[in-house]
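Q: Supplied structure: coords.tsv, TSV, C-alpha atoms and all ligand atoms.
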chain	number	residue	atom	x	y	z
E	10	MET	CA	0.23	19.61	36.16
E	11	THR	CA	-2.86	20.36	34.02
E	12	PRO	CA	-3.38	18.39	30.77
E	13	LYS	CA	-2.72	21.65	28.85
E	14	GLN	CA	0.62	22.15	30.61
E	15	ALA	CA	1.50	18.48	30.02
E	16	GLN	CA	0.78	18.93	26.31
E	17	LYS	CA	3.38	21.74	26.16
E	18	LEU	CA	6.15	19.58	27.66
E	19	THR	CA	8.95	18.64	25.32
E	20	ILE	CA	11.32	15.72	25.35
E	21	LEU	CA	13.98	18.13	26.71
E	22	ASP	CA	11.77	19.00	29.71
E	23	ILE	CA	11.41	15.29	30.49
E	24	ALA	CA	15.17	14.81	30.18
E	25	LYS	CA	15.82	17.66	32.64
E	26	LEU	CA	13.19	16.41	35.11
E	27	ALA	CA	14.67	12.89	34.98
E	28	GLY	CA	18.25	14.13	35.11
E	29	VAL	CA	19.25	12.33	31.92
E	30	GLY	CA	20.11	13.35	28.37
E	31	LYS	CA	17.52	13.93	25.62
E	32	SER	CA	18.77	10.88	23.69
E	33	THR	CA	18.14	8.65	26.73
E	34	VAL	CA	14.49	9.76	26.86
E	35	SER	CA	14.28	9.11	23.15
E	36	ARG	CA	15.66	5.58	23.67
E	37	VAL	CA	13.17	4.91	26.45
E	38	LEU	CA	10.35	6.01	24.15
E	39	THR	CA	11.50	3.69	21.38
E	40	HIS	CA	11.97	0.77	23.81
E	41	ASP	CA	15.68	0.58	23.08
E	42	PRO	CA	17.04	-2.38	25.13
E	43	ARG	CA	20.36	-0.56	25.72
E	44	VAL	CA	18.80	1.65	28.44
E	45	LYS	CA	19.57	0.43	31.99
E	46	PRO	CA	16.43	-0.76	33.83
E	47	ALA	CA	16.89	1.81	36.64
E	48	THR	CA	17.23	4.70	34.17
E	49	ARG	CA	14.22	3.47	32.23
E	50	GLU	CA	12.18	3.29	35.43
E	51	LYS	CA	13.19	6.85	36.39
E	52	VAL	CA	12.30	8.30	32.97
E	53	GLU	CA	9.02	6.40	32.80
E	54	GLN	CA	8.10	7.65	36.26
E	55	VAL	CA	8.68	11.28	35.19
E	56	ILE	CA	6.61	10.66	32.05
E	57	ARG	CA	3.79	9.12	34.11
E	58	GLU	CA	3.78	11.87	36.74
E	59	SER	CA	4.02	14.76	34.27
E	60	GLY	CA	1.34	13.36	31.94
E	61	TYR	CA	3.71	13.89	28.99
E	62	VAL	CA	2.41	12.40	25.70
E	63	PRO	CA	5.00	12.16	22.93
E	64	SER	CA	3.62	13.26	19.54
E	65	LYS	CA	3.08	10.40	17.10
E	66	SER	CA	4.97	12.15	14.32
E	67	ALA	CA	7.95	12.80	16.63
E	68	GLN	CA	7.99	9.13	17.63
E	69	SER	CA	7.87	8.19	13.98
E	70	MET	CA	10.83	10.46	13.16
E	71	ARG	CA	12.80	8.78	15.94
E	72	GLY	CA	12.25	5.41	14.31
E	73	GLY	CA	9.93	4.08	16.97
E	74	ASN	CA	6.47	2.64	16.63
E	75	SER	CA	4.59	5.49	14.92
E	76	ARG	CA	1.03	4.15	15.37
E	77	VAL	CA	0.29	5.59	11.95
E	78	ILE	CA	-1.24	3.70	9.01
E	79	GLY	CA	-0.63	4.88	5.45
E	80	ILE	CA	-3.70	4.76	3.22
E	81	LEU	CA	-3.09	5.01	-0.49
E	82	VAL	CA	-6.33	5.69	-2.38
E	83	SER	CA	-6.47	5.82	-6.17
E	84	ARG	CA	-8.75	8.90	-6.35
E	85	LEU	CA	-9.57	11.28	-3.53
E	86	ASP	CA	-12.89	12.13	-5.22
E	87	SER	CA	-14.10	8.54	-5.53
E	88	PRO	CA	-17.37	7.92	-3.62
E	89	SER	CA	-16.62	4.19	-3.36
E	90	GLU	CA	-13.14	4.69	-1.94
E	91	ASN	CA	-14.39	7.36	0.46
E	92	LYS	CA	-16.83	4.85	1.95
E	93	ALA	CA	-14.09	2.24	2.31
E	94	VAL	CA	-11.73	4.81	3.88
E	95	ARG	CA	-14.42	5.70	6.43
E	96	GLY	CA	-14.56	2.01	7.37
E	97	ILE	CA	-10.77	1.86	7.67
E	98	LEU	CA	-10.61	5.00	9.82
E	99	GLU	CA	-13.30	3.77	12.19
E	100	VAL	CA	-11.26	0.63	12.94
E	101	ILE	CA	-7.80	2.18	13.14
E	102	TYR	CA	-8.90	5.15	15.27
E	103	ALA	CA	-10.51	2.71	17.72
E	104	ALA	CA	-7.15	0.92	17.92
E	105	ASP	CA	-5.40	4.26	18.60
E	106	TYR	CA	-3.74	4.61	15.19
E	107	ASP	CA	-3.67	7.73	13.04
E	108	ALA	CA	-3.77	7.86	9.25
E	109	VAL	CA	-1.79	9.47	6.46
E	110	ILE	CA	-3.79	9.51	3.22
E	111	MET	CA	-2.16	9.75	-0.21
E	112	GLU	CA	-3.42	9.42	-3.79
E	113	SER	CA	-1.96	7.15	-6.50
E	114	GLN	CA	-4.13	8.27	-9.45
E	115	PHE	CA	-3.76	4.67	-10.78
E	116	CYS	CA	-0.09	5.41	-11.44
E	117	THR	CA	2.57	2.83	-10.58
E	118	ASP	CA	5.38	5.40	-10.29
E	119	LYS	CA	3.33	7.61	-7.96
E	120	THR	CA	2.47	4.55	-5.88
E	121	ARG	CA	6.15	3.63	-5.61
E	122	GLU	CA	7.07	7.18	-4.56
E	123	HIS	CA	4.33	7.35	-1.92
E	124	ILE	CA	5.29	3.96	-0.50
E	125	ALA	CA	8.90	5.12	-0.20
E	126	VAL	CA	7.75	8.24	1.70
E	127	LEU	CA	5.55	6.17	4.01
E	128	GLU	CA	8.47	3.84	4.67
E	129	LYS	CA	10.69	6.82	5.55
E	130	ARG	CA	7.96	8.17	7.83
E	131	ASN	CA	8.16	4.81	9.56
E	132	VAL	CA	4.41	4.14	9.37
E	133	ASP	CA	3.36	0.84	10.94
E	134	GLY	CA	1.52	-0.51	7.92
E	135	VAL	CA	-0.23	0.42	4.68
E	136	ILE	CA	-3.61	-0.14	3.08
E	137	VAL	CA	-3.47	0.34	-0.68
E	138	PHE	CA	-6.34	0.57	-3.17
E	139	GLY	CA	-5.01	-1.57	-6.01
E	140	PHE	CA	-5.66	-1.10	-9.72
E	141	SER	CA	-5.16	-3.00	-12.98
E	142	GLY	CA	-1.45	-3.59	-13.51
E	143	PHE	CA	-0.71	-2.90	-9.84
E	144	ASP	CA	2.55	-4.61	-8.92
E	145	CYS	CA	2.64	-6.07	-5.41
E	146	ALA	CA	6.45	-5.98	-5.45
E	147	ILE	CA	6.06	-2.24	-4.71
E	148	LEU	CA	4.98	-3.31	-1.23
E	149	ASP	CA	8.04	-5.47	-0.54
E	150	SER	CA	9.27	-3.08	2.16
E	151	PHE	CA	5.95	-3.63	3.96
E	152	THR	CA	5.96	-7.44	3.92
E	153	GLN	CA	3.29	-8.69	6.36
E	154	ARG	CA	2.33	-5.05	7.04
E	155	ALA	CA	0.18	-4.32	3.99
E	156	VAL	CA	-3.34	-5.00	2.78
E	157	VAL	CA	-4.60	-4.32	-0.74
E	158	ILE	CA	-8.24	-3.38	-1.40
E	159	ALA	CA	-10.34	-3.70	-4.58
E	160	VAL	CA	-8.12	-6.17	-6.44
E	161	ASP	CA	-7.06	-9.66	-5.40
E	162	THR	CA	-3.37	-10.29	-5.07
E	163	ASP	CA	-1.25	-13.33	-4.30
E	164	SER	CA	1.65	-12.25	-2.10
E	165	VAL	CA	-0.14	-9.58	-0.03
E	166	SER	CA	-3.39	-9.88	1.95
E	167	SER	CA	-6.37	-8.42	0.16
E	168	VAL	CA	-10.05	-7.55	0.35
E	169	SER	CA	-11.67	-7.56	-3.07
E	170	TYR	CA	-15.22	-7.03	-4.30
E	171	ASP	CA	-17.58	-9.54	-5.86
E	172	ASN	CA	-17.55	-7.80	-9.25
E	173	LYS	CA	-19.49	-10.48	-11.10
E	174	GLY	CA	-21.99	-11.06	-8.30
E	175	MET	CA	-23.02	-7.40	-8.12
E	176	ILE	CA	-23.96	-7.21	-11.82
E	177	SER	CA	-25.68	-10.61	-11.68
E	178	LEU	CA	-27.84	-9.28	-8.82
E	179	ALA	CA	-28.88	-6.22	-10.84
E	180	MET	CA	-29.62	-8.31	-13.93
E	181	ALA	CA	-31.67	-10.82	-11.89
E	182	GLN	CA	-33.69	-7.94	-10.48
E	183	PHE	CA	-34.74	-6.85	-13.98
E	184	THR	CA	-35.12	-10.28	-15.59
E	185	GLY	CA	-37.20	-11.30	-12.57
E	186	LYS	CA	-39.67	-8.62	-13.67
E	187	GLY	CA	-39.78	-10.22	-17.11
E	188	LEU	CA	-37.69	-7.49	-18.85
E	189	LYS	CA	-35.94	-8.60	-22.03
E	190	HIS	CA	-34.34	-5.41	-23.36
E	191	ILE	CA	-31.63	-4.63	-20.87
E	192	SER	CA	-28.59	-2.57	-21.87
E	193	TYR	CA	-25.34	-2.12	-19.98
E	194	MET	CA	-23.18	0.93	-19.28
E	195	GLY	CA	-19.70	-0.17	-18.28
E	196	VAL	CA	-16.07	0.75	-17.95
E	197	ASP	CA	-13.20	0.07	-20.35
E	198	PRO	CA	-12.28	-3.66	-20.04
E	199	ALA	CA	-8.62	-2.63	-19.62
E	200	ASP	CA	-9.81	-2.05	-16.06
E	201	ARG	CA	-9.95	-5.70	-14.99
E	202	THR	CA	-12.39	-5.42	-12.07
E	203	THR	CA	-14.89	-2.61	-12.64
E	204	GLY	CA	-14.40	-3.00	-16.43
E	205	GLN	CA	-13.82	-6.58	-17.59
E	206	LEU	CA	-15.35	-8.67	-14.77
E	207	ARG	CA	-18.59	-6.64	-14.59
E	208	LEU	CA	-19.00	-6.67	-18.37
E	209	ASP	CA	-18.44	-10.46	-18.35
E	210	ALA	CA	-21.22	-10.83	-15.77
E	211	TYR	CA	-23.61	-8.80	-17.95
E	212	LEU	CA	-22.79	-10.89	-21.04
E	213	GLU	CA	-23.18	-14.16	-19.08
E	214	ALA	CA	-26.60	-13.08	-17.78
E	215	CYS	CA	-27.66	-12.10	-21.32
E	216	ALA	CA	-26.60	-15.53	-22.63
E	217	GLN	CA	-28.50	-17.31	-19.83
E	218	GLN	CA	-31.66	-15.25	-20.31
E	219	HIS	CA	-31.54	-15.12	-24.14
E	220	ILE	CA	-31.16	-11.36	-24.13
E	221	GLU	CA	-29.52	-9.56	-27.05
E	222	PRO	CA	-26.53	-7.72	-25.46
E	223	CYS	CA	-26.33	-3.97	-25.97
E	224	TYR	CA	-23.53	-2.18	-24.16
E	225	GLN	CA	-20.95	0.59	-24.13
E	226	THR	CA	-17.82	0.97	-22.07
E	227	GLY	CA	-16.09	4.21	-21.18
E	228	GLU	CA	-14.47	5.99	-18.26
E	229	LEU	CA	-15.35	5.95	-14.57
E	230	SER	CA	-17.01	9.39	-14.80
E	231	TYR	CA	-20.68	10.40	-15.01
E	232	ASP	CA	-20.06	12.58	-18.07
E	233	SER	CA	-18.61	9.56	-19.91
E	234	ALA	CA	-21.82	7.61	-19.18
E	235	TYR	CA	-23.99	10.62	-20.05
E	236	THR	CA	-22.31	10.90	-23.46
E	237	LEU	CA	-22.61	7.16	-24.19
E	238	THR	CA	-26.24	6.74	-23.12
E	239	ASP	CA	-27.79	7.33	-26.56
E	240	ALA	CA	-25.66	4.48	-27.94
E	241	VAL	CA	-27.30	1.91	-25.63
E	242	LEU	CA	-30.82	3.27	-26.04
E	243	SER	CA	-33.53	2.24	-28.48
E	244	THR	CA	-37.28	2.57	-28.43
E	245	GLN	CA	-37.38	-0.97	-27.00
E	246	THR	CA	-34.95	-0.43	-24.11
E	247	GLN	CA	-36.56	-1.25	-20.77
E	248	ALA	CA	-33.61	-0.99	-18.38
E	249	ILE	CA	-29.94	0.01	-18.22
E	250	VAL	CA	-27.62	-1.73	-15.76
E	251	CYS	CA	-24.62	0.46	-14.86
E	252	ALA	CA	-21.22	-0.63	-13.53
E	253	SER	CA	-21.26	2.08	-10.84
E	254	ASP	CA	-23.53	4.70	-9.29
E	255	THR	CA	-21.42	7.45	-10.87
E	256	LEU	CA	-22.24	6.01	-14.30
E	257	ALA	CA	-25.89	5.51	-13.31
E	258	MET	CA	-26.06	9.21	-12.48
E	259	GLY	CA	-24.88	10.16	-15.99
E	260	VAL	CA	-27.30	7.72	-17.61
E	261	ALA	CA	-30.27	8.85	-15.47
E	262	LYS	CA	-29.60	12.49	-16.29
E	263	ARG	CA	-29.58	11.80	-20.03
E	264	LEU	CA	-32.78	9.70	-19.78
E	265	GLN	CA	-34.43	12.54	-17.87
E	266	GLU	CA	-33.51	14.98	-20.66
E	267	LEU	CA	-34.99	12.59	-23.21
E	268	ASN	CA	-38.07	12.13	-21.05
E	269	ARG	CA	-37.55	8.35	-21.05
E	270	THR	CA	-39.27	7.71	-17.73
E	271	ASP	CA	-40.07	4.19	-18.97
E	272	VAL	CA	-36.41	3.06	-18.74
E	273	LEU	CA	-35.28	1.67	-15.37
E	274	VAL	CA	-31.71	2.24	-14.16
E	275	SER	CA	-29.51	0.39	-11.68
E	276	GLY	CA	-26.10	1.27	-10.29
E	277	VAL	CA	-23.48	-0.17	-7.97
E	278	GLY	CA	-22.43	1.59	-4.77
E	279	ALA	CA	-25.51	2.31	-2.64
E	280	THR	CA	-24.77	6.03	-2.98
E	281	ASP	CA	-27.34	8.25	-1.24
E	282	LEU	CA	-26.99	10.92	-3.92
E	283	LEU	CA	-28.19	8.60	-6.72
E	284	GLN	CA	-31.39	7.76	-4.82
E	285	PHE	CA	-31.89	11.40	-3.83
E	286	MET	CA	-31.54	12.75	-7.37
E	287	PHE	CA	-33.23	9.86	-9.16
E	288	PRO	CA	-35.59	8.03	-6.76
E	289	ASN	CA	-36.69	5.67	-9.51
E	290	THR	CA	-33.27	3.96	-9.60
E	291	PHE	CA	-31.82	1.22	-7.40
E	292	SER	CA	-28.26	0.39	-6.51
E	293	VAL	CA	-26.49	-2.82	-5.52
E	294	ASP	CA	-24.51	-2.44	-2.30
E	295	PRO	CA	-20.97	-3.82	-2.76
E	296	GLY	CA	-20.18	-3.29	0.94
E	297	TYR	CA	-17.46	-0.66	0.55
E	298	PHE	CA	-17.62	0.46	4.19
E	299	ASP	CA	-17.44	-3.13	5.47
E	300	ALA	CA	-14.59	-3.89	3.07
E	301	GLY	CA	-12.65	-0.97	4.55
E	302	GLN	CA	-13.28	-2.24	8.07
E	303	ARG	CA	-12.21	-5.77	7.13
E	304	ALA	CA	-9.04	-4.49	5.46
E	305	ALA	CA	-8.15	-2.51	8.60
E	306	ASP	CA	-8.89	-5.50	10.86
E	307	LEU	CA	-6.70	-7.67	8.68
E	308	LEU	CA	-3.85	-5.19	8.83
E	309	LEU	CA	-4.11	-4.89	12.62
E	310	GLN	CA	-3.93	-8.69	12.85
E	311	HIS	CA	-0.74	-8.61	10.79
E	312	LEU	CA	0.70	-5.92	13.05
E	313	ARG	CA	-0.16	-7.79	16.27
E	314	GLN	CA	1.12	-11.20	15.20
E	315	SER	CA	2.47	-12.64	12.01
E	316	ALA	CA	-0.87	-13.65	10.49
E	317	ASP	CA	-0.98	-15.65	7.25
E	318	VAL	CA	-1.56	-13.87	3.96
E	319	THR	CA	-5.36	-13.82	3.66
E	320	HIS	CA	-7.71	-13.03	0.78
E	321	LEU	CA	-11.25	-11.92	1.52
E	322	VAL	CA	-14.06	-11.22	-0.93
E	323	GLN	CA	-16.69	-8.68	0.13
E	324	ARG	CA	-20.15	-9.95	-0.83
E	325	SER	CA	-22.68	-7.60	-2.45
E	326	CYS	CA	-26.35	-7.32	-1.63
E	327	LEU	CA	-29.49	-5.65	-2.86
E	328	PRO	CA	-30.67	-2.59	-0.95
E	329	PHE	CA	-34.06	-4.16	-0.17
E	401	LIG	O1	-17.24	6.23	-8.98
E	401	LIG	P1	-16.92	5.39	-7.80
E	401	LIG	O2	-17.96	5.42	-6.73
E	401	LIG	O3	-15.58	5.66	-7.25
E	401	LIG	O4	-16.93	3.87	-8.28
E	401	LIG	C1	-16.21	3.38	-9.38
E	401	LIG	C2	-15.44	2.13	-8.99
E	401	LIG	O5	-14.35	2.57	-8.16
E	401	LIG	C3	-13.51	1.53	-7.68
E	401	LIG	O6	-12.84	0.96	-8.78
E	401	LIG	C4	-11.81	1.75	-9.32
E	401	LIG	O7	-10.84	1.95	-8.31
E	401	LIG	C5	-10.27	0.70	-7.81
E	401	LIG	C6	-9.39	1.10	-6.65
E	401	LIG	O8	-10.24	1.55	-5.62
E	401	LIG	C7	-9.55	0.00	-8.95
E	401	LIG	O9	-9.03	-1.24	-8.52
E	401	LIG	C8	-10.54	-0.27	-10.08
E	401	LIG	O10	-9.83	-0.81	-11.18
E	401	LIG	C9	-11.20	1.04	-10.51
E	401	LIG	O11	-12.21	0.81	-11.46
E	401	LIG	C10	-14.29	0.46	-6.95
E	401	LIG	O12	-13.44	-0.64	-6.65
E	401	LIG	C11	-15.44	-0.03	-7.78
E	401	LIG	O13	-16.21	-0.94	-7.01
E	401	LIG	C12	-16.30	1.18	-8.18
E	401	LIG	O14	-17.40	0.75	-8.94
What do you get writing this file as C-alpha cells?
Ligand SMILES: O=P(O)(O)OC[C@H]1O[C@H](O[C@H]2O[C@H](CO)[C@@H](O)[C@H](O)[C@H]2O)[C@H](O)[C@@H](O)[C@@H]1O
A:
Amino acid sequence: MTPKQAQKLTILDIAKLAGVGKSTVSRVLTHDPRVKPATREKVEQVIRESGYVPSKSAQSMRGGNSRVIGILVSRLDSPSENKAVRGILEVIYAADYDAVIMESQFCTDKTREHIAVLEKRNVDGVIVFGFSGFDCAILDSFTQRAVVIAVDTDSVSSVSYDNKGMISLAMAQFTGKGLKHISYMGVDPADRTTGQLRLDAYLEACAQQHIEPCYQTGELSYDSAYTLTDAVLSTQTQAIVCASDTLAMGVAKRLQELNRTDVLVSGVGATDLLQFMFPNTFSVDPGYFDAGQRAADLLLQHLRQSADVTHLVQRSCLPF
C-alpha cells in the first residue's frame, strides 16, 4: 500500500481488515487494558502492515493521548510572545507534538474558557502566557501538565523574565558613557512585570547614579509611547530607556520628527525591525526564544515523569 493510500484508510477499514469491531480498534489505539492480548496483536499487525496513521485530533476525541499542546498567548500580535512561541514550537514539534494556539487578551474569563476547551479536547498539556492578576487555580485541571511563561507562580512551573536586570543593563550602558540625563518610557505599573518591576529598576539605577528621574508610563503600544515622548523630553535629555522595543519604536519615531538625533534610545526585545528602522538604537535581549524552548522542555519533562514544580528565570543580555 502506498503512503497516500494508507493516509486514506479509516478506523473502519482497519476494523474490517482485522475482523474486529470499530470500537475494538479504538480501544487498541487508546491502550485500553480491556483488549485481549491476541486481539491487540492482530489489530496492531494490521495497523503496521497497512501503514495506517490515526489522526491526532481523532485520537484526542477518543480520549487517548492526543500529542497536542495547548498554547495560550495573551496577544497574537505581540512580537515578544511570537518569539517565545517559535521556541516552544521548535521543541514540541521535535518531540512529535502538535499545537493549538489560543489568545487570552489578558482576560481571566477568556483564559478559563480556553482552558476548559483545551481540557475537553484532551490536550496533553498547556503553556500559558501569564499576566498580572492571573490566577493559577484556572490551571487546576492541568496539574503537573502546565507551564506558565512571563510571570512567576507558586503552584505551577514557570519561566519568567529578568525584568529588573534588563533595565539595569540598558541604564548601565548609558551611565557607562557618562550620560546623566536619562529618561524612561514605561508601562502602567498595574502591569507588575513589564510595568512595575522595570520602572523600579529605572528608579533604582537613577538613585544609585544620582540621576533626576524623568518618566512616563502608558500602554504596551508604540502609539502610546509616541504620544508620551514629549513629556519625557527636554533640551537636556541625552537618552531614553524604553520598557520594550514596541515602545522604543514609538519614541524613536517622535524623536525623528523632532530632529532630535542627539537623543539615544534603547529598547527591550532584540527586535530586528527596531534596528532596521532606527539603526542608532540598541535593544536588550530578554531571551524570549530561549524562554519558549525552556518552557516547552519543562512541560515535556512533566509529561514524561512527574517532575517537581520548577521556576526558571530567563537571563537577559546585551546584543553586543
Ligand atoms: O510589544 P511586545 O514585544 O509584545 O513586548 C511587550 C512585553 O510583552 C510581554 O509582556 C506582556 O505580556 C505578558 C504575557 O506574555 C504579561 O505577563 C505582561 O504583563 C505584559 O506586559 C513580555 O513578557 C514583555 O517582556 C514584553 O516587554
Q: Residues within 9 Å of region 94-101 of chain E, please, as a PyMOL selection string. Count all atoms listed in the file; anything in the same chain fewer than 6 positions from it doesn't count.
A: chain E and resi 77-78+80+82+107-108+136+297-306+309
Q: Compare E:Ser243, E:Ser230, E:Gln217, E:Thr48 by their minimum atom-to-atom distance to ligand LIG 401 (chain E), counting all atoms listed in the file, and give me the closest one.
A: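 Between E:Ser243, E:Ser230, E:Gln217, E:Thr48, the residue approaching ligand LIG 401 (chain E) most closely is E:Ser230.
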Q: At a cut-off of 9 Å around ligand LIG 401 (chain E), and using all atoms listed in the file, what residues come up? Please write them as a PyMOL selection string.
A: chain E and resi 82-84+86-93+115+137-141+143+158-160+169-172+196-197+199-204+228-231+252-256+276-278+280+295+297
Q: Please produce an output containing C-alpha atoms for each residue in the selection, written as a CSV table (one decimal), in the coordinates of the input.
A:
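As written to disk, part21.csv reads:
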chain,number,residue,atom,x,y,z
E,82,VAL,CA,-6.3,5.7,-2.4
E,83,SER,CA,-6.5,5.8,-6.2
E,84,ARG,CA,-8.8,8.9,-6.4
E,86,ASP,CA,-12.9,12.1,-5.2
E,87,SER,CA,-14.1,8.5,-5.5
E,88,PRO,CA,-17.4,7.9,-3.6
E,89,SER,CA,-16.6,4.2,-3.4
E,90,GLU,CA,-13.1,4.7,-1.9
E,91,ASN,CA,-14.4,7.4,0.5
E,92,LYS,CA,-16.8,4.8,2.0
E,93,ALA,CA,-14.1,2.2,2.3
E,115,PHE,CA,-3.8,4.7,-10.8
E,137,VAL,CA,-3.5,0.3,-0.7
E,138,PHE,CA,-6.3,0.6,-3.2
E,139,GLY,CA,-5.0,-1.6,-6.0
E,140,PHE,CA,-5.7,-1.1,-9.7
E,141,SER,CA,-5.2,-3.0,-13.0
E,143,PHE,CA,-0.7,-2.9,-9.8
E,158,ILE,CA,-8.2,-3.4,-1.4
E,159,ALA,CA,-10.3,-3.7,-4.6
E,160,VAL,CA,-8.1,-6.2,-6.4
E,169,SER,CA,-11.7,-7.6,-3.1
E,170,TYR,CA,-15.2,-7.0,-4.3
E,171,ASP,CA,-17.6,-9.5,-5.9
E,172,ASN,CA,-17.6,-7.8,-9.2
E,196,VAL,CA,-16.1,0.8,-18.0
E,197,ASP,CA,-13.2,0.1,-20.4
E,199,ALA,CA,-8.6,-2.6,-19.6
E,200,ASP,CA,-9.8,-2.0,-16.1
E,201,ARG,CA,-10.0,-5.7,-15.0
E,202,THR,CA,-12.4,-5.4,-12.1
E,203,THR,CA,-14.9,-2.6,-12.6
E,204,GLY,CA,-14.4,-3.0,-16.4
E,228,GLU,CA,-14.5,6.0,-18.3
E,229,LEU,CA,-15.4,6.0,-14.6
E,230,SER,CA,-17.0,9.4,-14.8
E,231,TYR,CA,-20.7,10.4,-15.0
E,252,ALA,CA,-21.2,-0.6,-13.5
E,253,SER,CA,-21.3,2.1,-10.8
E,254,ASP,CA,-23.5,4.7,-9.3
E,255,THR,CA,-21.4,7.4,-10.9
E,256,LEU,CA,-22.2,6.0,-14.3
E,276,GLY,CA,-26.1,1.3,-10.3
E,277,VAL,CA,-23.5,-0.2,-8.0
E,278,GLY,CA,-22.4,1.6,-4.8
E,280,THR,CA,-24.8,6.0,-3.0
E,295,PRO,CA,-21.0,-3.8,-2.8
E,297,TYR,CA,-17.5,-0.7,0.6
Q: CA of Gly187 (chain E) and CA of Ile249 (chain E), how far apart in Å?
A: 14.2 Å
Q: Within 10 Å of (-35.1, -9.2, -21.2) (file coordinates; all atoms listed in the file), which protein or nucleic acid residues are there? I'd like them as a PyMOL selection string.
A: chain E and resi 180+183-192+214-215+218-222+246-248
Q: Restricting the calculation to all atoms listed in the file, which member of E:Val132, E:Leu178, E:Met194, E:Cys145 is positioned closest to Asp161 (chain E)?
A: E:Cys145
Q: As AutoDock Vina command-line options, what would the box around region 254-264 of chain E look like: edges along x, y and z, 3 Å added on every side, centre and edge lengths in Å to one decimal?
A:
--center_x -27.1 --center_y 8.6 --center_z -14.7 --size_x 17.4 --size_y 13.8 --size_z 16.7
Q: Could you check how far CA of Glu213 (chain E) sits from CA of Ser177 (chain E), in Å to one decimal?
A: 8.6 Å
Q: Just to confirm, what's the straight-line distance from CA of Met111 (chain E) to CA of His123 (chain E) in Å (one decimal)?
A: 7.1 Å
Q: Compile the contact shell of Leu148 (chain E) as a PDB file with C-alpha atoms, keeping the file's coordinate frame: residues with an atom at most 10 Å away, counting all atoms listed in the file, same-chain residues fewer than 4 positions apart removed.
A:
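This is the output file out_1.pdb:
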ATOM      1  CA  THR E 120       2.470   4.550  -5.880  1.00  0.00           C
ATOM      2  CA  ARG E 121       6.150   3.630  -5.610  1.00  0.00           C
ATOM      3  CA  ILE E 124       5.290   3.960  -0.500  1.00  0.00           C
ATOM      4  CA  ALA E 125       8.900   5.120  -0.200  1.00  0.00           C
ATOM      5  CA  GLU E 128       8.470   3.840   4.670  1.00  0.00           C
ATOM      6  CA  VAL E 135      -0.230   0.420   4.680  1.00  0.00           C
ATOM      7  CA  VAL E 137      -3.470   0.340  -0.680  1.00  0.00           C
ATOM      8  CA  ASP E 144       2.550  -4.610  -8.920  1.00  0.00           C
ATOM      9  CA  THR E 152       5.960  -7.440   3.920  1.00  0.00           C
ATOM     10  CA  GLN E 153       3.290  -8.690   6.360  1.00  0.00           C
ATOM     11  CA  ARG E 154       2.330  -5.050   7.040  1.00  0.00           C
ATOM     12  CA  ALA E 155       0.180  -4.320   3.990  1.00  0.00           C
ATOM     13  CA  VAL E 156      -3.340  -5.000   2.780  1.00  0.00           C
ATOM     14  CA  VAL E 157      -4.600  -4.320  -0.740  1.00  0.00           C
ATOM     15  CA  SER E 164       1.650 -12.250  -2.100  1.00  0.00           C
ATOM     16  CA  VAL E 165      -0.140  -9.580  -0.030  1.00  0.00           C
TER      17      VAL E 165
END
Q: Please provide as a ChimeraX atom specification all residues within 9 Å of Pro328 (chain E), with the sequence filter that same-chain residues fewer than 3 positions apart are discarded (counting only C-alpha atoms).
A: /E:279,291-294
Q: For a quick check of understanding, using all atoms listed in the file, which of E:Ala146, E:Leu18, E:Val34, E:Leu127 has the smallest distance to Ser59 (chain E)?
A: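 So, comparing all the options, the nearest one is E:Leu18.
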Q: Point out the residue among E:Asp317, E:Val274, E:Gln245, E:Ala104 with the least atom-to-atom distance to Asp163 (chain E), counting only C-alpha atoms.
A: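 Residue with the minimum atom-to-atom distance to Asp163 (chain E): E:Asp317.
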Q: Select, from E:Met286, E:Val62, E:Leu312, E:Val126, the residue with the minimum atom-to-atom distance to Gln265 (chain E), counting all atoms listed in the file.
A: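 Smallest distance to Gln265 (chain E) is found for E:Met286.
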